[in-house]
Each structure stands twice: as C-alpha cells, then as structure tokens.
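Novice: The following file, final_0.cif, comprises mmCIF, N, CA, C and O atoms:
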data_coords
#
loop_
_atom_site.label_atom_id
_atom_site.label_comp_id
_atom_site.auth_asym_id
_atom_site.auth_seq_id
_atom_site.Cartn_x
_atom_site.Cartn_y
_atom_site.Cartn_z
N MET A 1206 -25.18 4.53 6.63
CA MET A 1206 -24.36 3.71 5.77
C MET A 1206 -23.04 4.45 5.49
O MET A 1206 -23.05 5.63 5.18
N THR A 1207 -21.94 3.74 5.59
CA THR A 1207 -20.63 4.31 5.32
C THR A 1207 -20.45 4.48 3.82
O THR A 1207 -20.74 3.59 3.03
N GLU A 1208 -19.95 5.65 3.44
CA GLU A 1208 -19.65 5.90 2.03
C GLU A 1208 -18.17 5.68 1.79
O GLU A 1208 -17.34 6.06 2.62
N TYR A 1209 -17.85 5.07 0.66
CA TYR A 1209 -16.48 4.80 0.28
C TYR A 1209 -16.16 5.54 -1.01
O TYR A 1209 -17.05 5.76 -1.83
N CYS A 1210 -14.91 5.89 -1.17
CA CYS A 1210 -14.46 6.41 -2.45
C CYS A 1210 -13.17 5.68 -2.82
O CYS A 1210 -12.44 5.20 -1.95
N ILE A 1211 -12.93 5.58 -4.11
CA ILE A 1211 -11.71 4.99 -4.63
C ILE A 1211 -10.92 6.12 -5.27
O ILE A 1211 -11.45 6.87 -6.08
N ARG A 1212 -9.66 6.23 -4.90
CA ARG A 1212 -8.82 7.29 -5.43
C ARG A 1212 -7.40 6.77 -5.62
O ARG A 1212 -7.06 5.69 -5.16
N GLU A 1213 -6.59 7.58 -6.27
CA GLU A 1213 -5.19 7.22 -6.49
C GLU A 1213 -4.41 7.26 -5.17
O GLU A 1213 -4.68 8.09 -4.30
N TYR A 1214 -3.46 6.33 -5.04
CA TYR A 1214 -2.56 6.31 -3.88
C TYR A 1214 -1.77 7.60 -3.82
O TYR A 1214 -1.33 8.13 -4.83
N ARG A 1215 -1.59 8.11 -2.60
CA ARG A 1215 -0.76 9.29 -2.34
C ARG A 1215 0.28 8.90 -1.29
O ARG A 1215 -0.02 8.09 -0.39
N PRO A 1216 1.48 9.47 -1.35
CA PRO A 1216 2.50 9.13 -0.35
C PRO A 1216 2.03 9.32 1.10
O PRO A 1216 2.47 8.59 1.98
N GLY A 1217 1.12 10.23 1.34
CA GLY A 1217 0.59 10.43 2.69
C GLY A 1217 -0.23 9.25 3.21
O GLY A 1217 -0.52 9.18 4.40
N ASP A 1218 -0.57 8.31 2.33
CA ASP A 1218 -1.33 7.11 2.72
C ASP A 1218 -0.43 6.03 3.32
O ASP A 1218 -0.92 5.06 3.88
N ARG A 1219 0.86 6.19 3.17
CA ARG A 1219 1.80 5.12 3.50
C ARG A 1219 1.65 4.58 4.92
O ARG A 1219 1.59 3.36 5.13
N ALA A 1220 1.59 5.44 5.91
CA ALA A 1220 1.52 4.97 7.31
C ALA A 1220 0.26 4.14 7.55
O ALA A 1220 0.32 3.05 8.13
N ALA A 1221 -0.88 4.64 7.09
CA ALA A 1221 -2.14 3.92 7.31
C ALA A 1221 -2.16 2.60 6.54
O ALA A 1221 -2.60 1.57 7.07
N LEU A 1222 -1.66 2.59 5.31
CA LEU A 1222 -1.66 1.37 4.52
C LEU A 1222 -0.62 0.37 5.02
O LEU A 1222 -0.84 -0.84 4.95
N THR A 1223 0.48 0.85 5.56
CA THR A 1223 1.47 -0.04 6.17
C THR A 1223 0.85 -0.75 7.37
O THR A 1223 0.98 -1.97 7.52
N ALA A 1224 0.17 -0.01 8.22
CA ALA A 1224 -0.48 -0.61 9.39
C ALA A 1224 -1.54 -1.63 8.96
O ALA A 1224 -1.62 -2.72 9.54
N LEU A 1225 -2.32 -1.29 7.97
CA LEU A 1225 -3.36 -2.19 7.48
C LEU A 1225 -2.73 -3.46 6.90
O LEU A 1225 -3.16 -4.58 7.22
N TRP A 1226 -1.70 -3.32 6.09
CA TRP A 1226 -1.01 -4.46 5.47
C TRP A 1226 -0.46 -5.39 6.55
O TRP A 1226 -0.65 -6.60 6.50
N ARG A 1227 0.19 -4.82 7.54
CA ARG A 1227 0.79 -5.64 8.60
C ARG A 1227 -0.28 -6.35 9.41
O ARG A 1227 -0.10 -7.49 9.83
N GLN A 1228 -1.40 -5.68 9.63
CA GLN A 1228 -2.51 -6.29 10.38
C GLN A 1228 -3.11 -7.46 9.61
O GLN A 1228 -3.39 -8.51 10.19
N VAL A 1229 -3.30 -7.28 8.32
CA VAL A 1229 -3.96 -8.31 7.51
C VAL A 1229 -3.02 -9.46 7.17
O VAL A 1229 -3.39 -10.63 7.30
N PHE A 1230 -1.79 -9.15 6.74
CA PHE A 1230 -0.89 -10.18 6.23
C PHE A 1230 0.22 -10.58 7.20
O PHE A 1230 0.83 -11.63 7.04
N GLY A 1231 0.53 -9.72 8.16
CA GLY A 1231 1.57 -10.03 9.14
C GLY A 1231 2.99 -9.98 8.60
O GLY A 1231 3.90 -10.53 9.23
N ASP A 1232 3.19 -9.35 7.45
CA ASP A 1232 4.54 -9.27 6.88
C ASP A 1232 5.44 -8.39 7.73
O ASP A 1232 4.98 -7.44 8.37
N PRO A 1233 6.75 -8.68 7.71
CA PRO A 1233 7.69 -7.85 8.46
C PRO A 1233 7.70 -6.41 7.94
O PRO A 1233 7.49 -6.18 6.74
N GLU A 1234 7.97 -5.50 8.82
CA GLU A 1234 7.95 -4.08 8.46
C GLU A 1234 8.90 -3.77 7.31
O GLU A 1234 8.57 -2.96 6.44
N GLU A 1235 10.07 -4.42 7.26
CA GLU A 1235 11.02 -4.10 6.19
C GLU A 1235 10.51 -4.53 4.81
O GLU A 1235 10.81 -3.89 3.81
N VAL A 1236 9.69 -5.57 4.73
CA VAL A 1236 9.11 -5.99 3.45
C VAL A 1236 8.08 -4.97 2.99
O VAL A 1236 8.06 -4.56 1.82
N VAL A 1237 7.24 -4.52 3.90
CA VAL A 1237 6.22 -3.53 3.56
C VAL A 1237 6.89 -2.21 3.17
O VAL A 1237 6.50 -1.57 2.18
N ALA A 1238 7.90 -1.81 3.91
CA ALA A 1238 8.62 -0.57 3.61
C ALA A 1238 9.27 -0.65 2.23
O ALA A 1238 9.22 0.32 1.46
N ALA A 1239 9.87 -1.80 1.88
CA ALA A 1239 10.49 -1.96 0.57
C ALA A 1239 9.45 -1.83 -0.54
O ALA A 1239 9.72 -1.22 -1.58
N PHE A 1240 8.26 -2.37 -0.32
CA PHE A 1240 7.19 -2.25 -1.31
C PHE A 1240 6.84 -0.78 -1.54
O PHE A 1240 6.80 -0.31 -2.68
N PHE A 1241 6.58 -0.04 -0.47
CA PHE A 1241 6.18 1.36 -0.63
C PHE A 1241 7.32 2.23 -1.14
O PHE A 1241 7.08 3.20 -1.87
N ASP A 1242 8.56 1.89 -0.82
CA ASP A 1242 9.71 2.62 -1.37
C ASP A 1242 9.76 2.46 -2.88
O ASP A 1242 10.12 3.38 -3.61
N ALA A 1243 9.42 1.27 -3.37
CA ALA A 1243 9.50 0.97 -4.79
C ALA A 1243 8.24 1.33 -5.57
O ALA A 1243 8.28 1.40 -6.80
N LEU A 1244 7.14 1.57 -4.89
CA LEU A 1244 5.85 1.75 -5.57
C LEU A 1244 5.87 2.81 -6.67
O LEU A 1244 5.40 2.52 -7.77
N PRO A 1245 6.40 3.98 -6.47
CA PRO A 1245 6.28 4.96 -7.57
C PRO A 1245 6.92 4.50 -8.88
O PRO A 1245 6.41 4.81 -9.94
N ARG A 1246 7.98 3.74 -8.81
CA ARG A 1246 8.65 3.34 -10.05
C ARG A 1246 8.17 1.98 -10.58
O ARG A 1246 8.45 1.65 -11.72
N MET A 1247 7.47 1.20 -9.77
CA MET A 1247 7.08 -0.12 -10.25
C MET A 1247 5.59 -0.27 -10.50
O MET A 1247 5.13 -1.32 -10.91
N GLY A 1248 4.81 0.78 -10.28
CA GLY A 1248 3.39 0.67 -10.55
C GLY A 1248 2.59 1.79 -9.91
O GLY A 1248 3.14 2.80 -9.50
N ILE A 1249 1.30 1.57 -9.83
CA ILE A 1249 0.39 2.56 -9.25
C ILE A 1249 -0.51 1.88 -8.23
O ILE A 1249 -0.64 0.66 -8.22
N GLY A 1250 -1.14 2.68 -7.40
CA GLY A 1250 -2.04 2.14 -6.40
C GLY A 1250 -3.36 2.88 -6.40
O GLY A 1250 -3.46 4.05 -6.75
N ALA A 1251 -4.39 2.16 -5.98
CA ALA A 1251 -5.71 2.74 -5.76
C ALA A 1251 -6.07 2.49 -4.30
O ALA A 1251 -5.79 1.42 -3.76
N VAL A 1252 -6.64 3.49 -3.67
CA VAL A 1252 -6.96 3.42 -2.25
C VAL A 1252 -8.47 3.51 -2.06
O VAL A 1252 -9.12 4.37 -2.66
N ALA A 1253 -9.00 2.61 -1.25
CA ALA A 1253 -10.40 2.72 -0.83
C ALA A 1253 -10.40 3.52 0.46
O ALA A 1253 -9.67 3.21 1.40
N GLU A 1254 -11.21 4.56 0.49
CA GLU A 1254 -11.23 5.45 1.64
C GLU A 1254 -12.65 5.53 2.21
O GLU A 1254 -13.62 5.58 1.46
N ALA A 1255 -12.74 5.51 3.54
CA ALA A 1255 -14.02 5.66 4.23
C ALA A 1255 -13.79 6.60 5.40
O ALA A 1255 -12.81 6.47 6.14
N GLU A 1256 -14.68 7.54 5.55
CA GLU A 1256 -14.62 8.50 6.66
C GLU A 1256 -13.25 9.17 6.75
O GLU A 1256 -12.69 9.36 7.82
N GLY A 1257 -12.66 9.47 5.57
CA GLY A 1257 -11.41 10.20 5.51
C GLY A 1257 -10.15 9.40 5.77
O GLY A 1257 -9.08 9.96 5.89
N ARG A 1258 -10.27 8.07 5.83
CA ARG A 1258 -9.05 7.27 6.08
C ARG A 1258 -9.02 6.06 5.15
O ARG A 1258 -10.06 5.50 4.80
N PRO A 1259 -7.80 5.64 4.76
CA PRO A 1259 -7.66 4.47 3.91
C PRO A 1259 -8.12 3.20 4.65
O PRO A 1259 -7.77 2.97 5.80
N VAL A 1260 -8.93 2.39 3.96
CA VAL A 1260 -9.40 1.13 4.53
C VAL A 1260 -9.09 -0.06 3.64
O VAL A 1260 -9.39 -1.20 3.99
N GLY A 1261 -8.46 0.18 2.50
CA GLY A 1261 -8.08 -0.88 1.58
C GLY A 1261 -7.30 -0.32 0.43
O GLY A 1261 -7.24 0.90 0.25
N ALA A 1262 -6.67 -1.19 -0.33
CA ALA A 1262 -5.87 -0.73 -1.47
C ALA A 1262 -5.71 -1.85 -2.49
O ALA A 1262 -5.84 -3.04 -2.16
N ALA A 1263 -5.42 -1.46 -3.71
CA ALA A 1263 -5.09 -2.39 -4.78
C ALA A 1263 -3.94 -1.76 -5.57
O ALA A 1263 -3.84 -0.53 -5.66
N TYR A 1264 -3.10 -2.61 -6.14
CA TYR A 1264 -1.93 -2.11 -6.84
C TYR A 1264 -1.82 -2.78 -8.19
O TYR A 1264 -2.11 -3.97 -8.34
N ILE A 1265 -1.39 -2.01 -9.19
CA ILE A 1265 -1.08 -2.52 -10.52
C ILE A 1265 0.42 -2.34 -10.67
O ILE A 1265 0.93 -1.22 -10.66
N LEU A 1266 1.13 -3.47 -10.79
CA LEU A 1266 2.59 -3.43 -10.77
C LEU A 1266 3.18 -3.83 -12.11
O LEU A 1266 2.72 -4.78 -12.74
N ASN A 1267 4.22 -3.10 -12.49
CA ASN A 1267 4.97 -3.42 -13.70
C ASN A 1267 5.96 -4.55 -13.42
O ASN A 1267 6.25 -5.36 -14.27
N THR A 1268 6.50 -4.57 -12.21
CA THR A 1268 7.49 -5.54 -11.79
C THR A 1268 7.47 -5.62 -10.27
O THR A 1268 6.98 -4.72 -9.61
N LEU A 1269 8.02 -6.67 -9.72
CA LEU A 1269 8.01 -6.80 -8.27
C LEU A 1269 9.29 -7.48 -7.80
O LEU A 1269 9.50 -8.66 -8.03
N THR A 1270 10.17 -6.70 -7.18
CA THR A 1270 11.37 -7.22 -6.56
C THR A 1270 11.51 -6.49 -5.23
O THR A 1270 11.88 -5.32 -5.19
N LEU A 1271 11.17 -7.15 -4.14
CA LEU A 1271 11.22 -6.50 -2.84
C LEU A 1271 12.52 -6.73 -2.11
O LEU A 1271 13.00 -5.87 -1.39
N ILE A 1272 13.10 -7.89 -2.27
CA ILE A 1272 14.31 -8.21 -1.54
C ILE A 1272 15.36 -8.70 -2.54
O ILE A 1272 15.14 -9.65 -3.28
N ASN A 1273 16.50 -8.04 -2.55
CA ASN A 1273 17.58 -8.44 -3.43
C ASN A 1273 18.39 -9.53 -2.73
O ASN A 1273 18.95 -9.31 -1.66
N THR A 1274 18.46 -10.70 -3.32
CA THR A 1274 19.15 -11.83 -2.71
C THR A 1274 20.60 -11.96 -3.18
O THR A 1274 21.27 -12.91 -2.82
N GLN A 1275 21.07 -11.03 -3.97
CA GLN A 1275 22.45 -11.09 -4.46
C GLN A 1275 23.40 -10.44 -3.51
O GLN A 1275 23.18 -9.56 -2.82
#
Could the structure of this file be written out as structure tokens, please?

Specialist:
Amino acid sequence: MTEYCIREYRPGDRAALTALWRQVFGDPEEVVAAFFDALPRMGIGAVAEAEGRPVGAAYILNTLTLINTQ
C-alpha cells in the first residue's frame, strides 16, 4: 500500500506541481507560472506526497489575481 503524507508547499515542488496542474486542468503554462509566482504573497499550499514526489495539492488563498487586464 502506498503511503501518503501531507506537508507544506515548498518552492522545490513547483516543477512537479506545474506538470500535474497542466495534465489535470490543461491550463496554459503562463497561467500556472503566474499562480506559483504569486503564491507566497497570496496564500499557502499543502502538498500530498507519495514515494517522495508530489501527487496533489491544495491551496488557501487570501486573494487571486493571475492576469492583469489593465
């Protein structure tokens, strides 16, 4: 049985979580990059990890503005 742990997001998770996000949701790379660029100042993340690699995530956000339309 695979064991999972839940831990705080770390910047080193970005590449794996970007790939996972794009695979699941199909969002453009620039949207995902904007989210992770803003993450430290707009909220926190929790990462589900299995066998030493991120397999899921959840985020608690104070605010969300990914694309400035002005």

Novice: Give as a list in words the residues that the PyMOL selection byres ((chain A and resi 1211-1226) around 6) matches when applied to the coordinates above.

Specialist: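 In the shown coordinates, the PyMOL selection byres ((chain A and resi 1211-1226) around 6) covers Tyr1209, Cys1210, Arg1227, Gln1228, Val1229, Phe1230, Gly1231, Asp1232, Gly1250, Ala1251, Val1252, Ala1253, Glu1254 and Pro1259 of chain A.
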
Novice: Mind writing the picked residues with N, CA, C and O atoms as an mmCIF file, keeping the file's coordinate frame?

Specialist:
data_model
loop_
_atom_site.group_PDB
_atom_site.id
_atom_site.type_symbol
_atom_site.label_atom_id
_atom_site.label_comp_id
_atom_site.auth_asym_id
_atom_site.auth_seq_id
_atom_site.Cartn_x
_atom_site.Cartn_y
_atom_site.Cartn_z
ATOM 1 N N TYR A 1209 -17.850 5.070 0.660
ATOM 2 C CA TYR A 1209 -16.480 4.800 0.280
ATOM 3 C C TYR A 1209 -16.160 5.540 -1.010
ATOM 4 O O TYR A 1209 -17.050 5.760 -1.830
ATOM 5 N N CYS A 1210 -14.910 5.890 -1.170
ATOM 6 C CA CYS A 1210 -14.460 6.410 -2.450
ATOM 7 C C CYS A 1210 -13.170 5.680 -2.820
ATOM 8 O O CYS A 1210 -12.440 5.200 -1.950
ATOM 9 N N ARG A 1227 0.190 -4.820 7.540
ATOM 10 C CA ARG A 1227 0.790 -5.640 8.600
ATOM 11 C C ARG A 1227 -0.280 -6.350 9.410
ATOM 12 O O ARG A 1227 -0.100 -7.490 9.830
ATOM 13 N N GLN A 1228 -1.400 -5.680 9.630
ATOM 14 C CA GLN A 1228 -2.510 -6.290 10.380
ATOM 15 C C GLN A 1228 -3.110 -7.460 9.610
ATOM 16 O O GLN A 1228 -3.390 -8.510 10.190
ATOM 17 N N VAL A 1229 -3.300 -7.280 8.320
ATOM 18 C CA VAL A 1229 -3.960 -8.310 7.510
ATOM 19 C C VAL A 1229 -3.020 -9.460 7.170
ATOM 20 O O VAL A 1229 -3.390 -10.630 7.300
ATOM 21 N N PHE A 1230 -1.790 -9.150 6.740
ATOM 22 C CA PHE A 1230 -0.890 -10.180 6.230
ATOM 23 C C PHE A 1230 0.220 -10.580 7.200
ATOM 24 O O PHE A 1230 0.830 -11.630 7.040
ATOM 25 N N GLY A 1231 0.530 -9.720 8.160
ATOM 26 C CA GLY A 1231 1.570 -10.030 9.140
ATOM 27 C C GLY A 1231 2.990 -9.980 8.600
ATOM 28 O O GLY A 1231 3.900 -10.530 9.230
ATOM 29 N N ASP A 1232 3.190 -9.350 7.450
ATOM 30 C CA ASP A 1232 4.540 -9.270 6.880
ATOM 31 C C ASP A 1232 5.440 -8.390 7.730
ATOM 32 O O ASP A 1232 4.980 -7.440 8.370
ATOM 33 N N GLY A 1250 -1.140 2.680 -7.400
ATOM 34 C CA GLY A 1250 -2.040 2.140 -6.400
ATOM 35 C C GLY A 1250 -3.360 2.880 -6.400
ATOM 36 O O GLY A 1250 -3.460 4.050 -6.750
ATOM 37 N N ALA A 1251 -4.390 2.160 -5.980
ATOM 38 C CA ALA A 1251 -5.710 2.740 -5.760
ATOM 39 C C ALA A 1251 -6.070 2.490 -4.300
ATOM 40 O O ALA A 1251 -5.790 1.420 -3.760
ATOM 41 N N VAL A 1252 -6.640 3.490 -3.670
ATOM 42 C CA VAL A 1252 -6.960 3.420 -2.250
ATOM 43 C C VAL A 1252 -8.470 3.510 -2.060
ATOM 44 O O VAL A 1252 -9.120 4.370 -2.660
ATOM 45 N N ALA A 1253 -9.000 2.610 -1.250
ATOM 46 C CA ALA A 1253 -10.400 2.720 -0.830
ATOM 47 C C ALA A 1253 -10.400 3.520 0.460
ATOM 48 O O ALA A 1253 -9.670 3.210 1.400
ATOM 49 N N GLU A 1254 -11.210 4.560 0.490
ATOM 50 C CA GLU A 1254 -11.230 5.450 1.640
ATOM 51 C C GLU A 1254 -12.650 5.530 2.210
ATOM 52 O O GLU A 1254 -13.620 5.580 1.460
ATOM 53 N N PRO A 1259 -7.800 5.640 4.760
ATOM 54 C CA PRO A 1259 -7.660 4.470 3.910
ATOM 55 C C PRO A 1259 -8.120 3.200 4.650
ATOM 56 O O PRO A 1259 -7.770 2.970 5.800
#

Novice: What is the atom C of Arg1246 in chain A to atom C of Gly1261 in chain A distance in Å?

Specialist: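 Taking atom C of Arg1246 in chain A and atom C of Gly1261 in chain A, their separation equals 19.1 Å.
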
Novice: Distance atom O of Val1236 in chain A-atom O of Glu1256 in chain A, one decimal place?

Specialist: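 Separation between atom O of Val1236 in chain A and atom O of Glu1256 in chain A: 25.7 Å.
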
Novice: What residues in chain A get the DSSP label strand (DSSP E or B)? Please answer as JSON, numbers by chain.

Specialist: {"A": [1209, 1210, 1211, 1212, 1213, 1248, 1249, 1250, 1251, 1252, 1253, 1254, 1255, 1258, 1259, 1260, 1261, 1262, 1263, 1264, 1265, 1266]}

Novice: Quote the spacing between atom N of Phe1240 in chain A and CA of Val1260 in chain A in Å to one decimal place.

Specialist: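 A separation of 18.6 Å between them.
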
Novice: Kindly indicate which residue among A:Pro1233, A:Gly1257, A:Ala1262, A:Asn1267 lies nearest to Pro1245 in chain A, using only C-alpha atoms for the distances.

Specialist: A:Asn1267
